[in-house]
Amino acid sequence: MGAGRGPARGLRASVAGDGAAPRTREKPWPAKDLFGFRPLHPIQMPLSATAPADPVVQSVANAGLGSTICWGLREVHKYHTPLDLVRERSPERPVAFARPDAVALAARWFQENFKGDVFYAVKANPSPWVIETLAANGVRSFDVASLPEVELVSQLVPGARMAFMHPVKNRRAISSAYFDHGVRTFALDTHEELAKILDATGQAADLNLIVRLGVSAEGAAYSLAGKFGVDAYEAPELLLAARRATNELMGVSFHVGSQCMRPTAFQAAMTQASRALVRAGVFADVVDVGGGFPSVYPGMVPPSLAEYMDSIDRGFAEMMVHETTELWCEPGRALVAESSSVLTAVELRKGDALYLNDGSYGSLFDATHTKWPFPVKLIRREADGSTREVDGPLKPYRFYGPTCDSLDHMPGPFWLPEDVREGDYVEIGMLGAYGVAMNTRFNGFGDTETVVVNDPPMASMFGLAPRAIPVPRSESQNVVKLSRARGKKRRRR
């Protein structure tokens, strides 16, 4: 084990039960008011995103319902609830509802309960208001996967710590991240990538090198296995090479899969990582447990996040690492899923099929390609201008998006009242993660307005709303299926 960096001042495995006080980290950014933003630098972003700054009320209530705030160079409307928006006007394009308070609460929860450093996975939602809210509430470390993400974070949060955790990067991105933006942490899963990082940084000796391991993990709704991660047989040699390549931190990372429903998957993955380190004969300075922390969706009610923290604590205590080894995580979905919903308009109904003005090329990528269900509400604006959330007997619907592509189809089922009609609005909840971030301009669609609302999300892991979304049972689900009686096969003559 002599190849480890620095003396092993007592292995963590030997002190797991010594009663030492848990590590605490200084929180340089105290929790701020919901809109306690700092001014931003101008930055080019997707048309669906908005650039926030200190919101200043520009006018009194619009028709007594909404107000206008200033985010950067844009004016953004603010409403108490989505109903107020529909009551004031009938939007003709999709509307993304931003709930910064949900992001703030999630950020504080992770910092208070995860015994290590929290890196936000920017890919989950790169909207500037999300990054600003996280920074304002103490999360100033970011998992970035591309040069545009590096540039985005650099402009929105000067001085932020970034880790370039994509295991495959082009040379220009590595070089610019290192020389122009001060990034020192890079992930890799091959010897070729290690050589590329060293070459693109001029053989820099101050790199933090994180080896992405392939792990076997069960319980994820969306597996990330196969594309990245060095396998168990090749890991020891790569770990040793990374250890020898830097005078700074060398660590391991893994990903148990997106929307992990089994807390013990983290502990199991940490056991596999520990074995790889032992076989390599090196100590890790960083153990990065990645992301995979879940949120709530119809039919998917995960255990409490506290159970995930307990599993990680147990796994870390059992690992053969330094007492000073750092623990990192990269939450994305869990930090932002509750923070946004999208309002779509019903443009046509064909039986159980609803044709909406948003779809798989917009904010509903997961509803199409992973066939995830999302919670929905039906909002109706009556002829007299009154607006209400429609209730009544529910039935399952499927959605079609606005493009000409027949793949623009969300099978659901999405449970809505039986009397849905053209002109109604469907609010689709829990789209803060991989919602507007997936938006494209295909077929001329994709122009989404962003407004701020103050109502709670449709479900919450943090106490803002119930931690479960009821799922109605269809008639076919209530049918008891009886298997055929098994008997001796009739012998053919």
# chains A, B, ... in the order shown; residues from 1 in each chain; ligands from 1
call {"tool": "residues_around", "arguments": {"residues": "Glu92 (chain A)", "least_positions_apart": "4", "cutoff": "12 Å", "atoms": "only C-alpha atoms", "output": "list in words"}}
result
Leu85, Val86, Leu343, Thr344, Ala345, Val346, Glu347, Leu356, Asn357, Asp358, Gly423, Asp424, Tyr425, Phe445, Asp447, Thr448 and Glu449 of chain A
call {"tool": "write_last_selection", "arguments": {"atoms": "C-alpha atoms", "output": "PDB file, in the first residue's frame"}}
result
ATOM      1  CA  LEU A  85     -51.109  33.463 -14.720  1.00  0.00           C
ATOM      2  CA  VAL A  86     -53.916  31.793 -16.668  1.00  0.00           C
ATOM      3  CA  LEU A 343     -47.755  24.725 -18.379  1.00  0.00           C
ATOM      4  CA  THR A 344     -48.862  23.353 -21.749  1.00  0.00           C
ATOM      5  CA  ALA A 345     -51.957  24.102 -23.806  1.00  0.00           C
ATOM      6  CA  VAL A 346     -54.323  21.458 -25.144  1.00  0.00           C
ATOM      7  CA  GLU A 347     -54.599  22.144 -28.869  1.00  0.00           C
ATOM      8  CA  LEU A 356     -50.057  19.735 -26.538  1.00  0.00           C
ATOM      9  CA  ASN A 357     -47.831  22.672 -27.452  1.00  0.00           C
ATOM     10  CA  ASP A 358     -44.823  21.036 -25.737  1.00  0.00           C
ATOM     11  CA  GLY A 423     -58.160  25.381 -24.751  1.00  0.00           C
ATOM     12  CA  ASP A 424     -57.504  23.762 -21.385  1.00  0.00           C
ATOM     13  CA  TYR A 425     -54.055  23.887 -19.822  1.00  0.00           C
ATOM     14  CA  PHE A 445     -41.058  24.985 -31.653  1.00  0.00           C
ATOM     15  CA  ASP A 447     -39.902  28.873 -27.360  1.00  0.00           C
ATOM     16  CA  THR A 448     -40.704  28.699 -23.640  1.00  0.00           C
ATOM     17  CA  GLU A 449     -41.498  31.588 -21.324  1.00  0.00           C
TER      18      GLU A 449
END
call {"tool": "select_by_dssp", "arguments": {"residues": "region 99-312 of chain A", "states": "helix (DSSP H, G or I)", "output": "JSON, numbers by chain"}}
result
{"A": [100, 101, 102, 103, 104, 105, 106, 107, 108, 109, 110, 111, 112, 113, 122, 123, 124, 128, 129, 130, 131, 132, 133, 134, 135, 136, 147, 148, 149, 150, 151, 152, 153, 154, 155, 156, 171, 172, 173, 174, 175, 176, 177, 178, 179, 180, 181, 191, 192, 193, 194, 195, 196, 197, 198, 199, 200, 235, 236, 237, 238, 239, 240, 241, 242, 243, 244, 245, 264, 265, 266, 267, 268, 269, 270, 271, 272, 273, 274, 275, 276, 277, 278, 279, 280, 305, 306, 307, 308, 309, 310, 311, 312]}
call {"tool": "residues_around", "arguments": {"residues": "region 196-206 of chain A", "least_positions_apart": "3", "cutoff": "7 Å", "atoms": "only C-alpha atoms", "output": "ChimeraX atom specification"}}
result
/A:171,174-175,178,192-193,246-248
call {"tool": "closest_atom_pairs", "arguments": {"of": "region 114-186 of chain A", "to": "region 281-305 of chain A", "cutoff": "10 Å", "atoms": "only C-alpha atoms", "output": "tab-separated table"}}
result
residue	atom	partner	partner_atom	distance
A:Phe114	CA	A:Leu305	CA	9.9
A:Gly116	CA	A:Asp288	CA	9.5
A:Asp117	CA	A:Asp288	CA	9.2
A:Val118	CA	A:Asp288	CA	9.7
A:Phe119	CA	A:Gly290	CA	8.9
A:Tyr120	CA	A:Gly291	CA	9.1
A:Ala121	CA	A:Gly291	CA	7.9
A:Asp143	CA	A:Gly290	CA	9.4
A:Met165	CA	A:Gly290	CA	9.5
call {"tool": "residues_around", "arguments": {"residues": "Leu188 (chain A)", "least_positions_apart": "5", "cutoff": "7 Å", "atoms": "only C-alpha atoms", "output": "PyMOL selection string"}}
result
chain A and resi 167-168+193-194+210-212
call {"tool": "residues_around", "arguments": {"residues": "Leu335 (chain A)", "least_positions_apart": "6", "cutoff": "8 Å", "atoms": "only C-alpha atoms", "output": "PyMOL selection string"}}
result
chain A and resi 103+106-107+120
call {"tool": "write_last_selection", "arguments": {"atoms": "N, CA and C atoms", "output": "PDB file, in the first residue's frame"}}
result
ATOM      1  N   VAL A 103     -35.327  25.166  -4.647  1.00  0.00           N
ATOM      2  CA  VAL A 103     -33.891  24.946  -4.837  1.00  0.00           C
ATOM      3  C   VAL A 103     -33.129  25.320  -3.570  1.00  0.00           C
ATOM      4  N   ALA A 106     -33.550  22.637  -0.836  1.00  0.00           N
ATOM      5  CA  ALA A 106     -32.799  21.421  -1.150  1.00  0.00           C
ATOM      6  C   ALA A 106     -31.306  21.635  -0.951  1.00  0.00           C
ATOM      7  N   ALA A 107     -30.813  22.807  -1.349  1.00  0.00           N
ATOM      8  CA  ALA A 107     -29.388  23.109  -1.184  1.00  0.00           C
ATOM      9  C   ALA A 107     -28.993  23.094   0.281  1.00  0.00           C
ATOM     10  N   TYR A 120     -22.989  20.526  -7.461  1.00  0.00           N
ATOM     11  CA  TYR A 120     -24.224  20.460  -8.254  1.00  0.00           C
ATOM     12  C   TYR A 120     -23.922  20.014  -9.673  1.00  0.00           C
TER      13      TYR A 120
END
call {"tool": "residues_around", "arguments": {"residues": "region 452-457 of chain A", "least_positions_apart": "2", "cutoff": "7 Å", "atoms": "only C-alpha atoms", "output": "PyMOL selection string"}}
result
chain A and resi 77-82+97-99+338-339+450+459-460+464-465
call {"tool": "closest_atom_pairs", "arguments": {"of": "region 425-480 of chain A", "to": "region 310-332 of chain A", "cutoff": "10 Å", "atoms": "only C-alpha atoms", "output": "Markdown table"}}
result
| residue | atom | partner | partner_atom | distance |
| --- | --- | --- | --- | --- |
| A:Gly432 | CA | A:Gly332 | CA | 9.7 |
| A:Ala433 | CA | A:Gly332 | CA | 7.2 |
| A:Tyr434 | CA | A:Gly332 | CA | 9.3 |
call {"tool": "residues_around", "arguments": {"residues": "Glu149 (chain A)", "least_positions_apart": "5", "cutoff": "12 Å", "atoms": "only C-alpha atoms", "output": "list of chain:residue names"}}
result
A:Ile43, A:Gln44, A:Met45, A:Tyr120, A:Ala121, A:Val122, A:Lys123, A:Ala124, A:Asn125, A:Pro126, A:Ser127, A:Pro128, A:Ile131, A:Phe142, A:Asp143, A:Val144, A:Ser154, A:Gln155, A:Leu156, A:Val157, A:Met162, A:Ala163, A:Phe164, A:Met165, A:His166, A:Ala173, A:Ala177, A:His181, A:Val183
